[in-house]
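This is input12.cif. It holds mmCIF, C-alpha atoms and all ligand atoms.
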```cif
data_coords
#
loop_
_atom_site.label_atom_id
_atom_site.label_comp_id
_atom_site.auth_asym_id
_atom_site.auth_seq_id
_atom_site.Cartn_x
_atom_site.Cartn_y
_atom_site.Cartn_z
CA MET G 332 -60.83 -96.96 -14.49
CA SER G 333 -59.91 -93.91 -12.43
CA LEU G 334 -59.33 -90.54 -14.11
CA GLN G 335 -55.70 -90.74 -12.98
CA THR G 336 -55.28 -94.02 -14.82
CA VAL G 337 -56.77 -92.61 -17.98
CA MET G 338 -54.47 -89.59 -17.72
CA GLU G 339 -51.44 -91.81 -17.22
CA ARG G 340 -52.33 -93.87 -20.21
CA LEU G 341 -53.04 -90.76 -22.22
CA ALA G 342 -49.57 -89.47 -21.36
CA ILE G 343 -47.95 -92.74 -22.48
CA LEU G 344 -49.97 -93.21 -25.65
CA ALA G 345 -49.84 -89.58 -26.77
CA ASP G 346 -46.09 -89.55 -26.25
CA ALA G 347 -45.76 -92.83 -28.19
CA ALA G 348 -47.66 -91.30 -31.12
CA LYS G 349 -45.31 -88.34 -31.50
CA TYR G 350 -42.94 -90.33 -33.72
CA ASP G 351 -45.48 -90.41 -36.51
CA ALA G 352 -45.15 -87.33 -38.71
CA SER G 353 -48.06 -88.05 -40.99
CA CYS G 354 -50.85 -86.29 -39.15
CA ALA G 355 -51.11 -83.12 -41.21
CA SER G 356 -54.57 -82.90 -42.59
CA SER G 357 -54.02 -81.19 -45.89
CA GLY G 358 -56.72 -82.07 -48.35
CA THR G 359 -59.64 -81.99 -46.00
CA THR G 360 -62.52 -79.69 -46.66
CA LYS G 361 -63.94 -77.21 -44.21
CA ARG G 362 -65.94 -79.01 -41.59
CA ASP G 363 -69.35 -77.94 -40.49
CA SER G 364 -68.63 -76.78 -36.96
CA ARG G 365 -72.16 -76.01 -35.94
CA ASP G 366 -72.20 -78.98 -33.63
CA GLY G 367 -69.00 -77.85 -31.84
CA LYS G 368 -69.65 -76.81 -28.26
CA GLY G 369 -67.88 -74.20 -26.22
CA LEU G 370 -65.76 -71.25 -27.07
CA GLY G 371 -62.10 -70.68 -27.55
CA SER G 372 -59.31 -73.07 -28.10
CA THR G 373 -56.14 -74.14 -26.39
CA THR G 374 -52.69 -75.06 -27.43
CA GLU G 375 -52.14 -77.01 -24.24
CA GLY G 376 -52.87 -80.63 -23.69
CA MET G 377 -51.37 -84.03 -24.05
CA GLY G 378 -51.58 -85.55 -27.48
CA ILE G 379 -52.82 -82.46 -29.27
CA CYS G 380 -50.97 -81.83 -32.49
CA HIS G 381 -51.50 -79.05 -34.95
CA ALA G 382 -51.77 -79.54 -38.66
CA TYR G 383 -52.46 -77.10 -41.46
CA ALA G 384 -55.16 -77.41 -44.09
CA PRO G 385 -54.50 -76.05 -47.60
CA ASP G 386 -56.53 -72.94 -46.83
CA GLY G 387 -54.12 -72.14 -44.00
CA ARG G 388 -56.44 -73.17 -41.19
CA CYS G 389 -54.70 -74.71 -38.23
CA ILE G 390 -56.42 -77.93 -37.24
CA SER G 391 -55.93 -79.40 -33.78
CA LEU G 392 -55.98 -83.17 -33.62
CA LEU G 393 -55.94 -85.54 -30.71
CA LYS G 394 -53.02 -87.71 -31.73
CA LEU G 395 -52.54 -90.97 -29.94
CA LEU G 396 -52.06 -94.69 -30.15
CA LEU G 397 -54.75 -97.12 -29.16
CA THR G 398 -51.93 -99.11 -27.59
CA ASN G 399 -48.15 -99.15 -27.61
CA HIS G 400 -48.09 -102.92 -27.08
CA CYS G 401 -46.80 -104.49 -30.28
CA VAL G 402 -46.06 -108.00 -31.43
CA PHE G 403 -43.80 -106.68 -34.22
CA ASP G 404 -40.17 -105.83 -33.70
CA CYS G 405 -39.26 -102.96 -36.02
CA HIS G 406 -35.77 -101.89 -34.96
CA TYR G 407 -36.38 -98.16 -35.33
CA CYS G 408 -39.55 -98.13 -33.21
CA ILE G 409 -39.66 -97.36 -29.52
CA ASN G 410 -42.78 -99.51 -29.18
CA ARG G 411 -41.29 -102.66 -30.68
CA LYS G 412 -41.83 -105.97 -28.92
CA SER G 413 -38.32 -106.06 -27.46
CA SER G 414 -38.41 -102.47 -26.16
CA ASN G 415 -38.53 -101.84 -22.46
CA VAL G 416 -41.02 -98.97 -22.45
CA ARG G 417 -44.04 -98.53 -20.21
CA ARG G 418 -47.03 -100.01 -21.98
CA ALA G 419 -50.60 -98.87 -21.99
CA ARG G 420 -53.81 -99.59 -23.81
CA PHE G 421 -57.15 -97.92 -24.39
CA THR G 422 -60.35 -99.63 -25.33
CA PRO G 423 -62.12 -98.22 -28.40
CA GLN G 424 -64.82 -96.76 -26.12
CA GLU G 425 -62.19 -94.95 -24.04
CA VAL G 426 -60.71 -93.34 -27.13
CA VAL G 427 -64.21 -92.32 -28.20
CA ASP G 428 -64.89 -90.79 -24.77
CA LEU G 429 -61.60 -88.90 -24.79
CA THR G 430 -62.15 -87.62 -28.32
CA LEU G 431 -65.66 -86.41 -27.58
CA SER G 432 -64.63 -84.82 -24.35
CA PHE G 433 -61.76 -82.91 -26.00
CA TYR G 434 -63.92 -82.04 -28.99
CA ARG G 435 -66.78 -80.69 -26.87
CA ARG G 436 -64.34 -78.49 -24.99
CA ASN G 437 -63.18 -77.20 -28.37
CA TYR G 438 -59.61 -78.40 -27.73
CA ILE G 439 -59.51 -80.46 -30.91
CA GLU G 440 -61.14 -80.64 -34.30
CA GLY G 441 -60.36 -84.24 -34.98
CA LEU G 442 -58.56 -87.45 -34.18
CA PHE G 443 -55.38 -89.03 -35.49
CA LEU G 444 -55.33 -92.64 -34.35
CA SER G 445 -52.67 -95.26 -34.81
CA SER G 446 -51.73 -98.38 -32.89
CA GLY G 447 -49.16 -101.00 -32.17
CA ILE G 448 -50.18 -104.47 -33.25
CA ILE G 449 -52.08 -106.37 -30.57
CA LYS G 450 -52.81 -110.08 -31.05
CA SER G 451 -52.92 -109.75 -34.84
CA SER G 452 -53.04 -107.07 -37.52
CA SER G 453 -56.72 -107.79 -38.25
CA HIS G 454 -57.70 -107.68 -34.57
CA THR G 455 -55.94 -104.30 -34.21
CA MET G 456 -57.55 -102.94 -37.35
CA GLU G 457 -60.97 -103.98 -36.05
CA GLN G 458 -60.35 -101.96 -32.89
CA LEU G 459 -59.25 -98.87 -34.82
CA ILE G 460 -62.30 -99.09 -37.06
CA GLU G 461 -64.53 -99.53 -34.04
CA VAL G 462 -63.37 -96.17 -32.67
CA ALA G 463 -64.23 -94.42 -35.92
CA ARG G 464 -67.51 -96.28 -36.29
CA ILE G 465 -68.73 -95.41 -32.79
CA LEU G 466 -67.76 -91.77 -33.29
CA ARG G 467 -69.51 -91.47 -36.62
CA GLU G 468 -72.48 -93.80 -36.16
CA GLU G 469 -73.37 -93.45 -32.50
CA HIS G 470 -72.28 -89.84 -31.91
CA ASN G 471 -72.68 -88.35 -35.36
CA PHE G 472 -69.12 -87.03 -34.99
CA ARG G 473 -68.31 -84.67 -37.84
CA GLY G 474 -64.75 -83.91 -36.86
CA TYR G 475 -61.76 -84.97 -38.90
CA ILE G 476 -60.57 -88.56 -38.50
CA HIS G 477 -57.24 -89.83 -39.75
CA LEU G 478 -56.82 -93.58 -39.27
CA LYS G 479 -53.50 -95.31 -39.58
CA THR G 480 -54.16 -98.46 -41.53
CA ILE G 481 -52.38 -101.75 -40.97
CA PRO G 482 -51.38 -103.26 -44.31
CA GLU G 483 -51.15 -106.81 -42.99
CA ALA G 484 -54.81 -106.73 -41.86
CA ASP G 485 -57.65 -108.36 -43.79
CA PRO G 486 -58.25 -106.17 -46.91
CA GLU G 487 -61.96 -106.01 -45.99
CA LEU G 488 -61.03 -104.25 -42.77
CA VAL G 489 -58.64 -101.87 -44.49
CA ALA G 490 -61.49 -100.96 -46.84
CA GLN G 491 -63.84 -100.34 -43.92
CA ALA G 492 -61.42 -97.79 -42.48
CA GLY G 493 -62.02 -95.58 -45.49
CA LEU G 494 -65.76 -95.56 -44.91
CA TRP G 495 -65.39 -93.81 -41.55
CA ALA G 496 -62.15 -91.86 -41.87
CA ASP G 497 -61.44 -88.64 -43.75
CA ARG G 498 -57.91 -89.71 -44.37
CA VAL G 499 -56.22 -93.09 -44.25
CA SER G 500 -52.52 -93.73 -44.26
CA ILE G 501 -50.15 -96.63 -44.47
CA ASN G 502 -46.51 -96.06 -43.66
CA VAL G 503 -44.03 -97.41 -46.18
CA GLU G 504 -41.52 -96.80 -43.39
CA LEU G 505 -38.29 -97.13 -45.37
CA PRO G 506 -37.38 -96.15 -48.90
CA THR G 507 -35.81 -99.42 -49.97
CA ASP G 508 -36.93 -103.04 -49.78
CA ALA G 509 -33.54 -104.01 -48.38
CA GLY G 510 -33.88 -101.42 -45.60
CA LEU G 511 -37.36 -102.66 -44.75
CA ALA G 512 -36.24 -106.30 -44.65
CA ARG G 513 -33.34 -105.41 -42.36
CA LEU G 514 -35.06 -102.99 -40.00
CA ALA G 515 -38.69 -104.17 -40.03
CA PRO G 516 -38.46 -107.95 -40.42
CA ASP G 517 -42.22 -108.46 -39.83
CA LYS G 518 -43.14 -106.10 -42.68
CA ASN G 519 -43.07 -106.58 -46.38
CA SER G 520 -43.09 -103.95 -49.10
CA ALA G 521 -45.33 -106.01 -51.42
CA THR G 522 -48.01 -106.22 -48.70
CA ILE G 523 -47.69 -102.51 -47.88
CA GLU G 524 -47.94 -101.43 -51.51
CA GLY G 525 -50.73 -103.93 -52.20
CA ALA G 526 -52.79 -102.33 -49.41
CA MET G 527 -51.99 -98.83 -50.70
CA GLY G 528 -53.11 -99.91 -54.15
CA SER G 529 -56.43 -101.24 -52.81
CA LEU G 530 -57.05 -97.98 -50.95
CA SER G 531 -56.20 -95.95 -54.02
CA THR G 532 -58.67 -97.95 -56.13
CA ALA G 533 -61.40 -97.61 -53.49
CA ILE G 534 -60.82 -93.82 -53.23
CA ASP G 535 -61.05 -93.46 -57.02
CA GLU G 536 -64.19 -95.57 -57.24
CA ALA G 537 -65.88 -93.62 -54.45
CA ARG G 538 -65.07 -90.30 -56.15
CA ASP G 539 -66.45 -91.63 -59.37
CA SER G 540 -69.64 -92.88 -57.70
CA GLN G 541 -70.14 -89.58 -55.93
CA LYS G 542 -70.08 -87.77 -59.26
CA ARG G 543 -72.92 -89.99 -60.45
CA PHE G 544 -74.93 -90.60 -57.28
CA THR G 545 -75.23 -87.90 -54.67
CA LYS G 546 -75.90 -90.45 -51.92
CA ALA G 547 -72.92 -92.66 -52.75
CA PRO G 548 -70.89 -93.44 -49.59
CA ARG G 549 -67.81 -91.34 -48.85
CA PHE G 550 -64.50 -93.11 -48.81
CA ALA G 551 -61.48 -91.34 -47.34
CA PRO G 552 -62.38 -87.99 -48.96
CA ALA G 553 -59.06 -86.48 -47.83
CA GLY G 554 -57.19 -89.29 -49.59
CA GLN G 555 -54.27 -91.33 -48.36
CA SER G 556 -50.77 -90.43 -47.26
CA THR G 557 -47.65 -92.21 -46.11
CA GLN G 558 -44.51 -91.65 -44.11
CA MET G 559 -40.87 -92.53 -44.73
CA ILE G 560 -38.23 -92.58 -42.04
CA VAL G 561 -35.10 -90.76 -43.12
CA GLY G 562 -31.65 -91.70 -41.93
CA ALA G 563 -32.36 -95.06 -40.27
CA ASP G 564 -30.97 -96.98 -43.22
CA GLY G 565 -28.37 -96.07 -45.82
CA ALA G 566 -30.81 -94.81 -48.49
CA SER G 567 -29.69 -91.64 -50.24
CA ASP G 568 -31.88 -88.61 -50.87
CA ALA G 569 -31.97 -89.53 -54.56
CA GLN G 570 -33.39 -92.95 -53.63
CA ILE G 571 -35.94 -91.35 -51.29
CA VAL G 572 -37.04 -88.87 -53.97
CA GLY G 573 -37.37 -91.74 -56.46
CA LYS G 574 -39.46 -93.77 -54.04
CA ALA G 575 -41.70 -90.82 -53.18
CA SER G 576 -42.31 -90.08 -56.83
CA THR G 577 -43.23 -93.70 -57.56
CA LEU G 578 -45.67 -93.69 -54.65
CA TYR G 579 -47.31 -90.44 -55.80
CA ASP G 580 -47.70 -91.85 -59.31
CA ARG G 581 -48.94 -95.30 -58.40
CA PHE G 582 -51.24 -94.49 -55.52
CA ALA G 583 -52.22 -90.84 -56.06
CA LEU G 584 -51.07 -90.01 -52.54
CA ARG G 585 -51.95 -86.64 -51.05
CA ARG G 586 -48.67 -86.44 -49.20
CA VAL G 587 -45.48 -88.28 -48.47
CA TYR G 588 -44.20 -87.27 -45.05
CA TYR G 589 -40.56 -87.53 -44.06
CA SER G 590 -39.57 -88.20 -40.51
CA ALA G 591 -35.91 -87.86 -39.56
CA PHE G 592 -34.97 -90.93 -37.62
CA SER G 593 -34.39 -90.11 -33.96
CA PRO G 594 -32.34 -92.46 -31.83
CA ILE G 595 -34.43 -94.26 -29.25
CA PRO G 596 -33.48 -95.54 -25.80
CA GLU G 597 -31.87 -98.98 -25.84
CA ALA G 598 -31.61 -98.82 -29.60
CA SER G 599 -30.83 -101.88 -31.66
CA ALA G 600 -27.22 -102.20 -32.79
CA VAL G 601 -28.24 -102.08 -36.46
CA LEU G 602 -29.34 -98.45 -36.13
CA PRO G 603 -27.15 -95.39 -36.56
CA LEU G 604 -26.11 -93.77 -33.28
CA LYS G 605 -26.89 -90.25 -34.46
CA ARG G 606 -29.97 -88.79 -35.96
CA PRO G 607 -29.59 -87.23 -39.41
CA PRO G 608 -29.51 -83.42 -39.54
CA LEU G 609 -33.05 -82.05 -39.36
CA MET G 610 -32.11 -79.94 -42.38
CA ARG G 611 -32.05 -83.18 -44.40
CA GLU G 612 -35.75 -83.71 -43.68
CA HIS G 613 -36.39 -80.07 -44.66
CA ARG G 614 -34.51 -80.45 -47.97
CA LEU G 615 -36.59 -83.54 -48.77
CA TYR G 616 -39.80 -81.60 -48.14
CA GLN G 617 -38.50 -78.87 -50.46
CA SER G 618 -37.74 -81.46 -53.15
CA ASP G 619 -41.26 -82.81 -52.68
CA TRP G 620 -42.64 -79.32 -53.36
CA LEU G 621 -40.49 -79.01 -56.47
CA MET G 622 -42.15 -82.13 -57.88
CA ARG G 623 -45.68 -81.27 -56.76
CA PHE G 624 -45.87 -77.55 -57.47
CA TYR G 625 -42.89 -76.48 -59.58
CA GLY G 626 -43.02 -78.95 -62.46
CA PHE G 627 -39.74 -80.71 -61.66
CA ALA G 628 -39.49 -84.32 -62.79
CA PRO G 629 -38.06 -86.74 -60.20
CA HIS G 630 -34.88 -87.20 -62.25
CA GLU G 631 -34.34 -83.43 -62.22
CA VAL G 632 -34.59 -83.28 -58.43
CA GLN G 633 -32.25 -86.27 -58.24
CA ALA G 634 -29.84 -84.43 -60.52
CA ALA G 635 -29.66 -81.62 -57.94
CA ALA G 636 -28.05 -84.09 -55.52
CA ASP G 637 -24.30 -84.44 -55.11
CA ALA G 638 -22.37 -87.42 -56.46
CA ASP G 639 -23.29 -89.48 -53.37
CA GLY G 640 -26.99 -88.95 -54.05
CA MET G 641 -27.45 -86.53 -51.13
CA LEU G 642 -29.06 -83.13 -51.54
CA PRO G 643 -26.83 -80.30 -50.33
CA LEU G 644 -27.74 -79.13 -46.85
CA ASP G 645 -26.46 -75.56 -47.17
CA ILE G 646 -28.57 -74.59 -50.19
CA ASP G 647 -32.08 -75.53 -51.23
CA PRO G 648 -32.60 -78.12 -54.01
CA LYS G 649 -33.94 -75.55 -56.48
CA LEU G 650 -30.80 -73.44 -56.18
CA ALA G 651 -28.67 -76.61 -56.34
CA TRP G 652 -30.38 -77.55 -59.60
CA ALA G 653 -30.02 -74.06 -61.06
CA LEU G 654 -26.30 -73.97 -60.26
CA LYS G 655 -25.81 -77.30 -62.02
CA PHE G 656 -27.90 -76.42 -65.07
CA ARG G 657 -26.88 -72.84 -65.72
CA GLU G 658 -27.57 -73.21 -69.44
CA SER G 659 -31.28 -72.84 -68.52
CA PHE G 660 -30.62 -69.29 -67.28
CA PRO G 661 -31.01 -66.34 -67.26
CA VAL G 662 -34.78 -66.34 -67.63
CA ASP G 663 -36.44 -63.18 -68.94
CA VAL G 664 -39.21 -62.35 -66.48
CA ASN G 665 -40.94 -60.19 -69.10
CA ARG G 666 -41.20 -62.96 -71.70
CA ALA G 667 -40.58 -66.42 -70.24
CA PRO G 668 -43.46 -68.86 -69.80
CA ARG G 669 -44.59 -69.78 -66.29
CA GLU G 670 -42.78 -73.15 -66.50
CA ALA G 671 -39.41 -71.38 -66.97
CA LEU G 672 -40.11 -68.89 -64.17
CA LEU G 673 -40.90 -71.78 -61.82
CA ARG G 674 -37.26 -72.87 -62.21
CA VAL G 675 -35.81 -69.61 -60.90
CA PRO G 676 -34.35 -70.00 -57.40
CA GLY G 677 -36.09 -67.77 -54.87
CA LEU G 678 -39.17 -67.23 -57.02
CA GLY G 679 -42.29 -68.78 -55.50
CA THR G 680 -45.59 -69.55 -57.18
CA LYS G 681 -47.37 -66.50 -55.72
CA ALA G 682 -44.60 -64.14 -56.87
CA ILE G 683 -44.69 -65.73 -60.32
CA ASP G 684 -48.45 -65.27 -60.62
CA ALA G 685 -48.07 -61.62 -59.55
CA LEU G 686 -45.32 -61.07 -62.15
CA LEU G 687 -47.37 -62.71 -64.90
CA ALA G 688 -50.33 -60.48 -64.05
CA ALA G 689 -48.22 -57.31 -63.83
CA ARG G 690 -46.28 -57.84 -67.06
CA ARG G 691 -49.48 -57.69 -69.09
CA TYR G 692 -49.56 -53.94 -68.37
CA ARG G 693 -45.93 -52.89 -68.00
CA SER G 694 -42.33 -53.99 -68.19
CA ILE G 695 -41.02 -55.68 -65.06
CA ARG G 696 -37.96 -54.07 -63.48
CA LEU G 697 -35.59 -55.55 -60.90
CA GLU G 698 -37.20 -53.53 -58.10
CA ASP G 699 -40.59 -55.09 -58.98
CA VAL G 700 -39.08 -58.55 -58.49
CA ALA G 701 -37.39 -57.42 -55.27
CA ARG G 702 -40.71 -56.33 -53.82
CA LEU G 703 -42.12 -59.84 -54.33
CA THR G 704 -39.22 -61.90 -53.02
CA VAL G 705 -37.25 -62.36 -49.85
CA SER G 706 -33.82 -61.88 -51.40
CA VAL G 707 -33.31 -60.48 -54.87
CA LYS G 708 -29.59 -61.21 -54.48
CA LYS G 709 -30.35 -64.91 -54.91
CA LEU G 710 -32.35 -64.25 -58.07
CA ARG G 711 -30.15 -61.75 -59.90
CA PRO G 712 -27.81 -64.30 -61.53
CA PHE G 713 -30.82 -66.17 -62.95
CA ILE G 714 -33.09 -63.46 -64.37
CA VAL G 715 -33.29 -60.71 -66.96
CA THR G 716 -35.56 -57.72 -66.33
CA ALA G 717 -36.17 -54.48 -68.24
CA ASP G 718 -33.23 -52.87 -66.40
CA TRP G 719 -31.09 -55.84 -65.39
CA ARG G 720 -28.99 -58.44 -67.20
CA PRO G 721 -26.57 -60.64 -65.25
CA THR G 722 -24.04 -60.82 -68.16
CA LEU G 723 -21.18 -63.00 -66.82
CA LEU G 724 -22.61 -63.39 -63.29
CA THR G 725 -24.58 -66.54 -64.17
CA ASP G 726 -21.45 -68.40 -65.20
CA ARG G 727 -19.09 -67.30 -62.46
CA ALA G 728 -17.14 -70.16 -60.91
CA ASP G 729 -17.67 -68.74 -57.41
CA LEU G 730 -21.45 -68.28 -57.80
CA ARG G 731 -22.30 -71.07 -55.36
CA ALA G 732 -20.07 -69.56 -52.69
CA ARG G 733 -21.66 -66.15 -53.28
CA LEU G 734 -25.19 -67.49 -52.86
CA ALA G 735 -24.78 -70.10 -50.13
CA PRO G 736 -25.42 -68.81 -46.62
CA LYS G 737 -22.32 -68.28 -44.52
CA ALA G 738 -21.35 -71.51 -42.77
CA GLU G 739 -22.61 -71.70 -39.22
CA GLN G 740 -22.61 -74.30 -36.51
CA MET G 741 -26.03 -75.76 -37.16
CA GLU G 742 -26.26 -78.61 -34.71
CA LEU G 743 -24.29 -77.91 -31.60
CA PHE G 744 -25.91 -80.73 -29.67
CA GLY G 745 -26.84 -82.98 -32.63
S1 LIG B 801 -45.55 -102.38 -36.20
FE1 LIG B 801 -43.42 -101.75 -36.02
S2 LIG B 801 -43.49 -99.50 -36.24
FE2 LIG B 801 -45.59 -100.19 -35.76
S3 LIG B 801 -45.74 -100.05 -33.54
FE3 LIG B 801 -45.12 -102.14 -34.02
S4 LIG B 801 -42.89 -102.13 -33.87
FE4 LIG B 801 -43.58 -100.01 -34.03
#
```

For this file, write the structure as C-alpha cells.
Amino acid sequence: MSLQTVMERLAILADAAKYDASCASSGTTKRDSRDGKGLGSTTEGMGICHAYAPDGRCISLLKLLLTNHCVFDCHYCINRKSSNVRRARFTPQEVVDLTLSFYRRNYIEGLFLSSGIIKSSSHTMEQLIEVARILREEHNFRGYIHLKTIPEADPELVAQAGLWADRVSINVELPTDAGLARLAPDKNSATIEGAMGSLSTAIDEARDSQKRFTKAPRFAPAGQSTQMIVGADGASDAQIVGKASTLYDRFALRRVYYSAFSPIPEASAVLPLKRPPLMREHRLYQSDWLMRFYGFAPHEVQAAADADGMLPLDIDPKLAWALKFRESFPVDVNRAPREALLRVPGLGTKAIDALLAARRYRSIRLEDVARLTVSVKKLRPFIVTADWRPTLLTDRADLRARLAPKAEQMELFG
C-alpha cells in the first residue's frame, strides 16, 4: 500500500471515529514513559484526540476505526450498512504500524480503537484483539489502549480484550430498550448488558487476584465505560439519569459518556432533523457528577428535572434541585456536615474541603466563601455565615429569575 493510500484511509477512519465520545482515559495510572522516543508533542494530526486523566494530565490518543464497513444498520450511525459514505479498512498490522509510528514520534500516548462490524461480530473482535496483542506482545507497547468491545462477539473474545487493553467499553447506545429496538435493530440490550456484566466480573476477579498474587494477569485495569446517545430517541433526561445510575450500580462503570446526537448526511426518516442543544449533554454530565461526587441519589437528580423529565438548560441541575427543595436551606457553613455543604449550589468539593479545614480555626465569613467560589451571588440565598443570613431571600418567589443567567441566543445556527 502506498503512503498516500494509508493517509487517505487514516483520514476516513479517523473521521469516522469522531462520533464516539467515550475515549477519555480517566482511571488510568501514570504510564512508564521511559520507552517513549523523541521530544515534544503536537496537537496536530488526524485521529489524535485528547483526554484527561484524573491527575489532570492530558493524554493524546490515536482514535480510529479499524474499518467503517459495517453489516449492521443502526439508524443514527454514519457508518451503517445503508449509508453512502466512503469506506476504508486497515489490517491489524497497519494499525499497529501507525500506532507505533505516532507513538515513537511522541504524538500520542495511546490508542483508542473501535470498528464497524465486518463479516461477523466475532471476526471483528478477533481483529481488534489482534491489534492489541501485537502491540503488547510483539512490541512491548506500554502505552494506553482503549478497545471498543463488541457485545455480540463470542464471550471468550470479549474476555481476551481485557487482557491486552487498559480500558474496555461497550456502548449501550440508547437509554431505553424501545429506542434501541427502533434505532438499532441488530442490537439487543440483553446481549449488551450481558457482555458488560461479564466484563465487570472479570475486572473484579482480576483485581482480587492481583491483591493475592503479584504476578496475576492484568485485566482492563482502567475499568470499563459506556456511551449513550442523547436526543436520537424520545428518552427524557430523567430516563437517561436513571439508566446511567443503573449501569454504574450493576457494572461498576468508570464513566458513562453522553454524546449529543448529531444529524448525519442522508439520515433515516426515523431520526430527528435537529440535534439536541449541546447544553443538554453538558447538563447530563453535571448530573453525572452530582451522583458520583456530590452524594445525590438518582431520584434526587431526577427530581431536579421539570415536569416533562428534562433538566433545565438555563441553570445547572444542582441549582435546579436547590430551588425546588428550599426547605434544605440555608446551610450554615460553620456547622453543617460535608454532606449538607455538597448540596449548596456553586460550592465545589475543593471549596468545601477548604472551608472545613478553615472553620476548625476561625469562623467563616461571607468574604471567605467569596474567595473560594466563582460567584457568591449564587450562594448567598443558600448559606449562613458568621456575618450573613439570607432571611427571606431563600424563599423569594423570584429567586430563580434572580439567579438564572440572562437569556441569550445560545444556538444561532443550531
Ligand atoms: S454496529 Fe451500528 S453503531 Fe456500530 S458501526 Fe455498525 S452501524 Fe454503526

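Among G:Lys349, G:Arg696, G:His406, G:Lys574, the residue with the shortest atom-to-atom distance to Arg513 (chain G), counting only C-alpha atoms, is G:His406.
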
Practice task
May I ask for the distance between CA of Tyr588 (chain G) and CA of Asp568 (chain G), given in Å to one decimal place?
Solution key: 13.7 Å

Exercise for the section: Could you give me the residues within 6 Å of ligand LIG 801 (chain B), counting all atoms listed in the file, as a list in words? Expected result: Cys401, Phe403, Asp404, Cys405, Cys408, Asn410, Arg411, Gly447 and Ile448 of chain G

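From CA of Ala551 (chain G) back to CA of Arg388 (chain G), the distance works out to 19.8 Å.
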
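Proximity of G:Ile646, G:Val700, G:Ile476, G:Met559 to Thr716 (chain G), computed with only C-alpha atoms, is greatest for G:Val700.
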
Problem - One-decimal distance in Å that lies between CA of Tyr350 (chain G) and CA of Met338 (chain G) - result: 19.7 Å

Completion exercise
One residue among G:Ala600, G:Lys737, G:Val561, G:Arg340 is nearest to Asp645 (chain G) when using only C-alpha atoms, and that residue is G:Lys737

Considering only C-alpha atoms, give me a table of residues in region 557-634 of chain G that are at most 12 Å from region 678-682 of chain G, with the closest atom pair and distance in Å for each, as a Markdown table.
```
| residue | atom | partner | partner_atom | distance |
| --- | --- | --- | --- | --- |
| G:Gln617 | CA | G:Gly679 | CA | 11.9 |
| G:Trp620 | CA | G:Gly679 | CA | 10.8 |
| G:Leu621 | CA | G:Gly679 | CA | 10.4 |
| G:Arg623 | CA | G:Thr680 | CA | 11.7 |
| G:Phe624 | CA | G:Thr680 | CA | 8.0 |
| G:Tyr625 | CA | G:Thr680 | CA | 7.8 |
| G:Gly626 | CA | G:Thr680 | CA | 11.1 |
```

Exercise for the section: Using all atoms listed in the file, find the one residue out of G:Ser446, G:Ser452, G:Gln541, G:Thr725 that sits nearest to Leu488 (chain G). Expected result: G:Ser452

Handout entry: Selection near Gln491 (chain G), 10 Å with all atoms listed in the file, sequence-local residues under 4 positions removed, as a list of chain:residue names
Key = G:Met456, G:Glu457, G:Ile460, G:Glu461, G:Ala463, G:Arg464, G:Pro486, G:Glu487, G:Trp495, G:Ala496, G:Phe550, G:Ala551

Exercise for the section: Show which residues sit within 12 Å of Arg417 (chain G), as a PyMOL selection string. Count all atoms listed in the file, and ignore same-chain residues fewer than 3 positions away. Expected result: chain G and resi 339-340+342-344+346-347+398-400+409-414+420

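When only C-alpha atoms are used to measure the gap to Leu584 (chain G), the shortest distance among G:Phe660, G:Ala635, G:Ile501, G:Pro548 belongs to G:Ile501.
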
Completion exercise
Counting all atoms listed in the file, the residue among G:Leu710, G:Ala509, G:Leu397, G:Ala484 that lies closest to Leu654 (chain G) is G:Leu710

Exercise for the section: Excluding Gly441 (chain G) and residues on its chain fewer than 2 positions from it, collect all residues at most 7 Å away from it, counting only C-alpha atoms, and give them as a ChimeraX atom specification. Expected result: /G:391-393,439,443,474-476

Exercise for the section: Determine, counting all atoms listed in the file, which protein, DNA and RNA residues have an atom within 12 Å of an atom of Met527 (chain G); residues of the same chain fewer than 3 positions away are not included. Present the result as an MDAnalysis selection string. Expected result: chainID G and resid 479:483 486 489:490 493 499:503 520:524 530:534 554:557 578:584

Exercise for the section: Fewer than 4 positions away in the same chain doesn't count, so skip those; otherwise give me all residues within 10 Å of Phe713 (chain G), counting all atoms listed in the file, as a PyMOL selection string. Expected result: chain G and resi 650+653-654+657+659-664+672+674-677+708-709+720-721+724-726

Missing atoms in region 453-458 of chain G need filling: write out N, CA, C and O atoms for it as a PDB file, in the coordinates of the input.
```
ATOM      1  N   SER G 453     -55.279-107.943 -38.014  1.00  0.00           N
ATOM      2  CA  SER G 453     -56.720-107.790 -38.250  1.00  0.00           C
ATOM      3  C   SER G 453     -57.444-107.406 -36.969  1.00  0.00           C
ATOM      4  O   SER G 453     -58.327-106.546 -36.975  1.00  0.00           O
ATOM      5  N   HIS G 454     -57.053-108.013 -35.847  1.00  0.00           N
ATOM      6  CA  HIS G 454     -57.700-107.680 -34.570  1.00  0.00           C
ATOM      7  C   HIS G 454     -57.476-106.189 -34.266  1.00  0.00           C
ATOM      8  O   HIS G 454     -58.403-105.477 -33.867  1.00  0.00           O
ATOM      9  N   THR G 455     -56.248-105.715 -34.492  1.00  0.00           N
ATOM     10  CA  THR G 455     -55.940-104.300 -34.210  1.00  0.00           C
ATOM     11  C   THR G 455     -56.750-103.394 -35.125  1.00  0.00           C
ATOM     12  O   THR G 455     -57.308-102.379 -34.691  1.00  0.00           O
ATOM     13  N   MET G 456     -56.812-103.771 -36.383  1.00  0.00           N
ATOM     14  CA  MET G 456     -57.550-102.940 -37.350  1.00  0.00           C
ATOM     15  C   MET G 456     -59.022-102.856 -36.960  1.00  0.00           C
ATOM     16  O   MET G 456     -59.645-101.786 -37.056  1.00  0.00           O
ATOM     17  N   GLU G 457     -59.565-103.983 -36.492  1.00  0.00           N
ATOM     18  CA  GLU G 457     -60.970-103.980 -36.050  1.00  0.00           C
ATOM     19  C   GLU G 457     -61.192-102.958 -34.937  1.00  0.00           C
ATOM     20  O   GLU G 457     -62.186-102.242 -34.909  1.00  0.00           O
ATOM     21  N   GLN G 458     -60.225-102.893 -34.016  1.00  0.00           N
ATOM     22  CA  GLN G 458     -60.350-101.960 -32.890  1.00  0.00           C
ATOM     23  C   GLN G 458     -60.271-100.503 -33.364  1.00  0.00           C
ATOM     24  O   GLN G 458     -61.020 -99.651 -32.898  1.00  0.00           O
TER      25      GLN G 458
END
```
